[in-house]
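Shown below: structure.txt, with compact mmCIF, C-alpha atoms.
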```txt
# COMPACT_ATOMS: atom_id res chain seq x y z
CA MET A 1 100.04 107.59 101.85
CA THR A 2 99.78 108.09 105.60
CA ASN A 3 101.80 111.30 105.42
CA GLU A 4 99.47 112.61 102.69
CA PHE A 5 96.50 111.86 104.94
CA LEU A 6 98.15 113.61 107.90
CA THR A 7 98.94 116.62 105.70
CA THR A 8 95.25 116.85 104.78
CA LEU A 9 94.35 116.80 108.48
CA LYS A 10 96.91 119.53 109.13
CA ASN A 11 95.68 121.72 106.27
CA ARG A 12 91.99 121.44 107.13
CA ARG A 13 90.99 124.67 108.76
CA THR A 14 87.86 126.67 109.52
CA TYR A 15 87.32 129.17 106.70
CA TYR A 16 84.74 131.89 107.21
CA SER A 17 85.45 133.83 104.01
CA LEU A 18 84.08 131.67 101.20
CA GLY A 19 82.97 132.22 97.62
CA LYS A 20 81.00 130.48 94.90
CA ASP A 21 83.77 130.19 92.28
CA ILE A 22 84.73 126.53 92.56
CA SER A 23 85.79 123.92 90.02
CA VAL A 24 84.45 121.01 92.05
CA SER A 25 81.12 119.81 90.64
CA SER A 26 78.00 119.13 92.67
CA GLU A 27 78.26 115.52 91.49
CA ARG A 28 81.72 115.28 93.04
CA VAL A 29 80.49 116.70 96.34
CA LEU A 30 77.65 114.14 96.29
CA GLU A 31 80.16 111.36 95.62
CA ILE A 32 82.29 112.50 98.55
CA ALA A 33 79.27 112.59 100.87
CA GLU A 34 78.06 109.17 99.70
CA GLN A 35 81.46 107.51 100.06
CA ALA A 36 81.98 109.08 103.48
CA ALA A 37 78.54 107.90 104.60
CA LEU A 38 79.28 104.38 103.38
CA HIS A 39 82.67 104.07 105.06
CA THR A 40 82.37 106.04 108.30
CA PRO A 41 82.05 103.61 111.22
CA SER A 42 79.15 103.67 113.68
CA ALA A 43 78.32 101.80 116.88
CA PHE A 44 76.51 98.52 116.21
CA ASN A 45 76.83 99.46 112.51
CA SER A 46 73.78 101.62 113.12
CA GLN A 47 74.44 103.90 110.12
CA SER A 48 72.15 106.52 111.63
CA ALA A 49 73.96 109.58 110.20
CA ARG A 50 72.35 111.40 107.27
CA ALA A 51 73.67 114.17 105.02
CA VAL A 52 72.01 116.56 102.58
CA ALA A 53 74.05 118.62 100.09
CA LEU A 54 72.53 121.95 99.02
CA PHE A 55 73.58 124.02 96.01
CA GLY A 56 72.20 127.03 94.17
CA GLU A 57 68.76 128.19 95.24
CA HIS A 58 68.60 125.43 97.85
CA HIS A 59 71.78 126.69 99.52
CA ASP A 60 70.40 130.25 99.37
CA ALA A 61 67.09 129.09 100.85
CA LEU A 62 68.82 127.51 103.84
CA TRP A 63 70.57 130.71 104.80
CA GLY A 64 67.42 132.70 104.09
CA ILE A 65 65.57 130.48 106.57
CA THR A 66 68.37 130.94 109.08
CA ARG A 67 68.46 134.72 108.63
CA GLU A 68 64.70 135.15 109.09
CA THR A 69 64.60 132.77 112.06
CA LEU A 70 67.31 134.77 113.82
CA ARG A 71 65.69 138.08 112.86
CA ARG A 72 62.69 137.06 114.99
CA ILE A 73 64.77 136.43 118.13
CA VAL A 74 67.87 138.64 117.92
CA PRO A 75 67.36 142.20 119.25
CA PRO A 76 67.19 144.69 116.34
CA GLU A 77 70.18 146.65 117.61
CA ALA A 78 72.31 143.49 117.51
CA PHE A 79 71.01 142.01 114.27
CA ALA A 80 73.47 143.74 111.90
CA LYS A 81 76.34 141.57 113.14
CA THR A 82 74.21 138.43 112.88
CA ASP A 83 73.10 139.41 109.39
CA GLN A 84 76.70 139.89 108.31
CA LYS A 85 77.64 136.45 109.59
CA ILE A 86 74.73 134.76 107.78
CA SER A 87 75.66 136.62 104.59
CA SER A 88 79.18 135.16 104.80
CA PHE A 89 77.73 131.65 104.88
CA ALA A 90 75.31 132.42 102.06
CA ALA A 91 78.27 133.63 99.96
CA ALA A 92 79.65 130.07 99.90
CA ALA A 93 79.07 127.65 97.02
CA GLY A 94 77.00 125.14 98.97
CA THR A 95 76.16 123.63 102.34
CA VAL A 96 76.17 120.10 103.72
CA LEU A 97 73.52 119.47 106.36
CA TYR A 98 74.15 116.71 108.90
CA PHE A 99 71.35 114.81 110.62
CA GLU A 100 70.81 111.81 112.87
CA ASP A 101 67.90 109.47 112.17
CA MET A 102 66.48 109.23 115.67
CA ASP A 103 64.18 106.34 114.71
CA THR A 104 67.33 104.28 114.20
CA VAL A 105 68.73 105.42 117.55
CA ARG A 106 65.48 104.67 119.37
CA GLY A 107 65.27 101.26 117.69
CA LEU A 108 68.69 100.35 119.03
CA GLN A 109 67.69 101.56 122.49
CA GLU A 110 64.70 99.24 122.41
CA SER A 111 66.68 96.29 121.04
CA PHE A 112 69.61 96.69 123.43
CA PRO A 113 68.20 98.26 126.63
CA LEU A 114 71.43 97.58 128.53
CA TYR A 115 73.11 100.25 126.38
CA LYS A 116 70.15 102.56 125.84
CA ASP A 117 71.79 105.58 127.49
CA ASN A 118 74.85 105.22 125.28
CA PHE A 119 73.22 105.11 121.84
CA PRO A 120 72.54 108.87 121.61
CA ILE A 121 76.16 109.51 122.60
CA TRP A 122 77.51 106.96 120.13
CA SER A 123 75.35 108.36 117.34
CA GLN A 124 76.77 111.84 117.93
CA GLN A 125 80.28 110.42 117.85
CA ALA A 126 79.63 108.70 114.51
CA ASN A 127 78.07 111.87 113.11
CA GLY A 128 81.16 113.80 114.16
CA MET A 129 83.34 111.31 112.29
CA LEU A 130 81.18 111.74 109.18
CA GLN A 131 81.50 115.53 109.46
CA SER A 132 85.27 115.25 109.81
CA ASN A 133 85.58 112.82 106.91
CA ILE A 134 83.58 115.02 104.55
CA TRP A 135 85.35 118.16 105.75
CA ASN A 136 88.78 116.64 105.12
CA ALA A 137 87.69 115.34 101.72
CA LEU A 138 86.48 118.83 100.77
CA GLU A 139 89.85 120.18 101.93
CA SER A 140 91.66 117.69 99.68
CA GLU A 141 89.57 119.05 96.78
CA GLY A 142 90.85 122.55 97.53
CA LEU A 143 87.66 123.80 99.18
CA GLY A 144 87.27 125.68 102.43
CA ALA A 145 84.49 125.05 104.95
CA SER A 146 83.26 125.81 108.44
CA LEU A 147 80.90 124.04 110.80
CA GLN A 148 77.84 125.88 112.09
CA HIS A 149 75.09 125.00 114.58
CA TYR A 150 71.82 126.88 114.10
CA ASN A 151 69.87 123.82 115.15
CA PRO A 152 67.39 123.36 116.72
CA LEU A 153 66.17 126.85 115.81
CA ILE A 154 65.85 126.04 112.09
CA ASP A 155 65.03 122.33 112.27
CA ASP A 156 61.30 122.44 111.56
CA GLU A 157 61.55 124.80 108.61
CA VAL A 158 64.47 122.88 107.12
CA LYS A 159 62.60 119.57 107.29
CA LYS A 160 59.50 121.19 105.83
CA ARG A 161 61.37 122.96 103.01
CA TRP A 162 63.09 119.80 101.80
CA ALA A 163 60.43 117.27 102.83
CA LEU A 164 62.82 115.42 105.13
CA PRO A 165 61.64 112.73 107.56
CA GLU A 166 60.41 113.97 110.91
CA SER A 167 62.78 111.50 112.62
CA TRP A 168 65.83 113.29 111.22
CA MET A 169 67.41 115.55 113.85
CA LEU A 170 69.60 118.34 112.50
CA ILE A 171 73.09 118.25 113.97
CA ALA A 172 75.19 120.78 112.02
CA GLN A 173 75.51 122.88 108.89
CA MET A 174 78.74 123.02 106.82
CA PRO A 175 78.98 125.86 104.29
CA PHE A 176 81.80 125.24 101.81
CA GLY A 177 83.30 126.96 98.81
CA GLU A 178 86.16 128.91 97.33
CA ILE A 179 88.68 130.11 99.92
CA THR A 180 88.68 133.91 99.61
CA ALA A 181 90.74 134.78 102.71
CA PRO A 182 93.18 132.88 104.93
CA ALA A 183 91.97 131.05 108.01
CA ASP A 184 92.48 132.72 111.36
CA GLU A 185 95.55 131.85 113.38
CA LYS A 186 95.01 128.81 115.57
CA ASP A 187 96.62 128.13 118.93
CA SER A 188 97.28 124.47 119.64
CA ILE A 189 98.00 122.78 122.92
CA PRO A 190 101.20 120.74 122.38
CA ALA A 191 100.45 117.19 121.31
CA SER A 192 102.69 115.95 124.12
CA GLU A 193 100.17 117.35 126.60
CA ARG A 194 97.22 115.66 124.88
CA VAL A 195 98.56 112.27 123.87
CA ARG A 196 100.31 109.78 126.12
CA MET A 197 101.97 106.45 125.50
CA PHE A 198 103.02 103.68 127.86
CA ARG A 199 105.38 100.95 126.64
```
Please render this file's structure as structure tokens.
Amino acid sequence: MTNEFLTTLKNRRTYYSLGKDISVSSERVLEIAEQAALHTPSAFNSQSARAVALFGEHHDALWGITRETLRRIVPPEAFAKTDQKISSFAAAAGTVLYFEDMDTVRGLQESFPLYKDNFPIWSQQANGMLQSNIWNALESEGLGASLQHYNPLIDDEVKKRWALPESWMLIAQMPFGEITAPADEKDSIPASERVRMFR
């Protein structure tokens, strides 16, 4: 079982070329997100991470919001490349949005002032674990994904479009779908230079 888990970690890659032709149902993606949210650890069991899965017109709307937001700030002569990148994300089957509920974080800061500076850091760490858990689960379902960060540029419109709580802070966007081209080559620093053991 451990080797299967490690193989999933090894196979998970960043895929930028994604399509909509997938056999995984939206219900299955929701189940993955729910189970990951339930079982991903967090400091003080804060459970401050939030996730929203978008399919169909909702997925399209997200990348439409992103495209038009960037159109307002990217110089016209440079927008074609940006537009192409957004189109590649829109071509995917869906997107998982990741948030932190900052009311929860602030509540912990008030309840445990000795650690108040650490709670925002710990919440980001827990959110990263949730992202990794969902990403690896999507990989095990045969789906490709990438992790994007158009926040905070799109935060207000995203919360307005889907009537999300004001306290939710957008952390990342994960388009996922059919793998239509191989992942880019990846250089890795040898594990022996990154992991040490003393015994």
Just how far from atom CA of A:Ile171 is atom CA of A:Ala126, in Å to one decimal?
11.6 Å
Quick one: of A:Ala93, A:Ile179, A:Val24, A:Met197, who's nearest to A:Leu54, counting all atoms listed in the file?
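Closest to A:Leu54, using all atoms listed in the file: A:Ala93.
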Minimum-distance residue to A:Ala33, chosen among A:Ala91, A:Leu130, A:Ile189, A:Ala80 (using all atoms listed in the file)
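The shortest atom-to-atom distance to A:Ala33 comes from A:Leu130.
Proximity of A:Ala163, A:Leu143, A:Ala43, A:Leu170 to A:Ser23, computed with all atoms listed in the file, is greatest for A:Leu143.
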List every protein, DNA or RNA residue that has at least one atom no more than 7 Å from (68.9, 128.8, 111.0) in the file's coordinates, counting only C-alpha atoms, and write the result as a compact mmCIF listing (two decimals) with C-alpha atoms, keeping the file's coordinate frame.
```txt
# COMPACT_ATOMS: atom_id res chain seq x y z
CA TRP A 63 70.57 130.71 104.80
CA ILE A 65 65.57 130.48 106.57
CA THR A 66 68.37 130.94 109.08
CA ARG A 67 68.46 134.72 108.63
CA THR A 69 64.60 132.77 112.06
CA LEU A 70 67.31 134.77 113.82
CA TYR A 150 71.82 126.88 114.10
CA ASN A 151 69.87 123.82 115.15
CA LEU A 153 66.17 126.85 115.81
CA ILE A 154 65.85 126.04 112.09
```
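Here atom CA of A:Asn45 stands at a distance of 22.2 Å from atom CA of A:Asn136.
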Using Å and a single decimal, report how far atom CA of A:Val96 sits from atom CA of A:Ser167.
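Atom CA of A:Val96 lies at a distance of 18.2 Å from atom CA of A:Ser167.
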Using all atoms listed in the file, which residue out of A:Thr14, A:Leu164, A:Gly19, A:Asp83 lies closest to A:Arg71?
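The shortest atom-to-atom distance to A:Arg71 comes from A:Asp83.
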Could you add the missing atoms to stretch 117-138 of chain A, up to N, CA and C atoms, and return them as a PDB file, keeping the file's coordinate frame?
```
ATOM      1  N   ASP A 117      71.300 104.223 127.201  1.00  0.00           N
ATOM      2  CA  ASP A 117      71.790 105.580 127.490  1.00  0.00           C
ATOM      3  C   ASP A 117      72.978 105.961 126.613  1.00  0.00           C
ATOM      4  N   ASN A 118      73.649 104.959 126.065  1.00  0.00           N
ATOM      5  CA  ASN A 118      74.850 105.220 125.280  1.00  0.00           C
ATOM      6  C   ASN A 118      74.563 105.496 123.803  1.00  0.00           C
ATOM      7  N   PHE A 119      73.445 104.983 123.285  1.00  0.00           N
ATOM      8  CA  PHE A 119      73.220 105.110 121.840  1.00  0.00           C
ATOM      9  C   PHE A 119      73.149 106.548 121.353  1.00  0.00           C
ATOM     10  N   PRO A 120      72.500 107.480 122.078  1.00  0.00           N
ATOM     11  CA  PRO A 120      72.540 108.870 121.610  1.00  0.00           C
ATOM     12  C   PRO A 120      73.956 109.444 121.590  1.00  0.00           C
ATOM     13  N   ILE A 121      74.774 109.048 122.557  1.00  0.00           N
ATOM     14  CA  ILE A 121      76.160 109.510 122.600  1.00  0.00           C
ATOM     15  C   ILE A 121      76.942 108.919 121.428  1.00  0.00           C
ATOM     16  N   TRP A 122      76.784 107.612 121.217  1.00  0.00           N
ATOM     17  CA  TRP A 122      77.510 106.960 120.130  1.00  0.00           C
ATOM     18  C   TRP A 122      77.085 107.494 118.771  1.00  0.00           C
ATOM     19  N   SER A 123      75.806 107.836 118.628  1.00  0.00           N
ATOM     20  CA  SER A 123      75.350 108.360 117.340  1.00  0.00           C
ATOM     21  C   SER A 123      75.975 109.716 117.063  1.00  0.00           C
ATOM     22  N   GLN A 124      76.125 110.548 118.100  1.00  0.00           N
ATOM     23  CA  GLN A 124      76.770 111.840 117.930  1.00  0.00           C
ATOM     24  C   GLN A 124      78.243 111.671 117.562  1.00  0.00           C
ATOM     25  N   GLN A 125      78.884 110.682 118.169  1.00  0.00           N
ATOM     26  CA  GLN A 125      80.280 110.420 117.850  1.00  0.00           C
ATOM     27  C   GLN A 125      80.439 110.011 116.384  1.00  0.00           C
ATOM     28  N   ALA A 126      79.566 109.141 115.910  1.00  0.00           N
ATOM     29  CA  ALA A 126      79.630 108.700 114.510  1.00  0.00           C
ATOM     30  C   ALA A 126      79.333 109.856 113.571  1.00  0.00           C
ATOM     31  N   ASN A 127      78.388 110.714 113.949  1.00  0.00           N
ATOM     32  CA  ASN A 127      78.070 111.870 113.110  1.00  0.00           C
ATOM     33  C   ASN A 127      79.274 112.806 113.036  1.00  0.00           C
ATOM     34  N   GLY A 128      79.957 112.979 114.153  1.00  0.00           N
ATOM     35  CA  GLY A 128      81.160 113.800 114.160  1.00  0.00           C
ATOM     36  C   GLY A 128      82.235 113.242 113.238  1.00  0.00           C
ATOM     37  N   MET A 129      82.367 111.917 113.209  1.00  0.00           N
ATOM     38  CA  MET A 129      83.340 111.310 112.290  1.00  0.00           C
ATOM     39  C   MET A 129      82.944 111.550 110.842  1.00  0.00           C
ATOM     40  N   LEU A 130      81.641 111.465 110.541  1.00  0.00           N
ATOM     41  CA  LEU A 130      81.180 111.740 109.180  1.00  0.00           C
ATOM     42  C   LEU A 130      81.485 113.192 108.804  1.00  0.00           C
ATOM     43  N   GLN A 131      81.202 114.118 109.713  1.00  0.00           N
ATOM     44  CA  GLN A 131      81.500 115.530 109.460  1.00  0.00           C
ATOM     45  C   GLN A 131      82.986 115.727 109.166  1.00  0.00           C
ATOM     46  N   SER A 132      83.830 115.111 109.986  1.00  0.00           N
ATOM     47  CA  SER A 132      85.270 115.250 109.810  1.00  0.00           C
ATOM     48  C   SER A 132      85.726 114.627 108.483  1.00  0.00           C
ATOM     49  N   ASN A 133      85.181 113.474 108.149  1.00  0.00           N
ATOM     50  CA  ASN A 133      85.580 112.820 106.910  1.00  0.00           C
ATOM     51  C   ASN A 133      85.209 113.662 105.688  1.00  0.00           C
ATOM     52  N   ILE A 134      83.990 114.191 105.679  1.00  0.00           N
ATOM     53  CA  ILE A 134      83.580 115.020 104.550  1.00  0.00           C
ATOM     54  C   ILE A 134      84.386 116.314 104.520  1.00  0.00           C
ATOM     55  N   TRP A 135      84.600 116.920 105.671  1.00  0.00           N
ATOM     56  CA  TRP A 135      85.350 118.160 105.750  1.00  0.00           C
ATOM     57  C   TRP A 135      86.768 117.980 105.200  1.00  0.00           C
ATOM     58  N   ASN A 136      87.424 116.899 105.609  1.00  0.00           N
ATOM     59  CA  ASN A 136      88.780 116.640 105.120  1.00  0.00           C
ATOM     60  C   ASN A 136      88.792 116.316 103.632  1.00  0.00           C
ATOM     61  N   ALA A 137      87.770 115.626 103.154  1.00  0.00           N
ATOM     62  CA  ALA A 137      87.690 115.340 101.720  1.00  0.00           C
ATOM     63  C   ALA A 137      87.490 116.628 100.921  1.00  0.00           C
ATOM     64  N   LEU A 138      86.661 117.541 101.429  1.00  0.00           N
ATOM     65  CA  LEU A 138      86.480 118.830 100.770  1.00  0.00           C
ATOM     66  C   LEU A 138      87.799 119.611 100.762  1.00  0.00           C
TER      67      LEU A 138
END
```
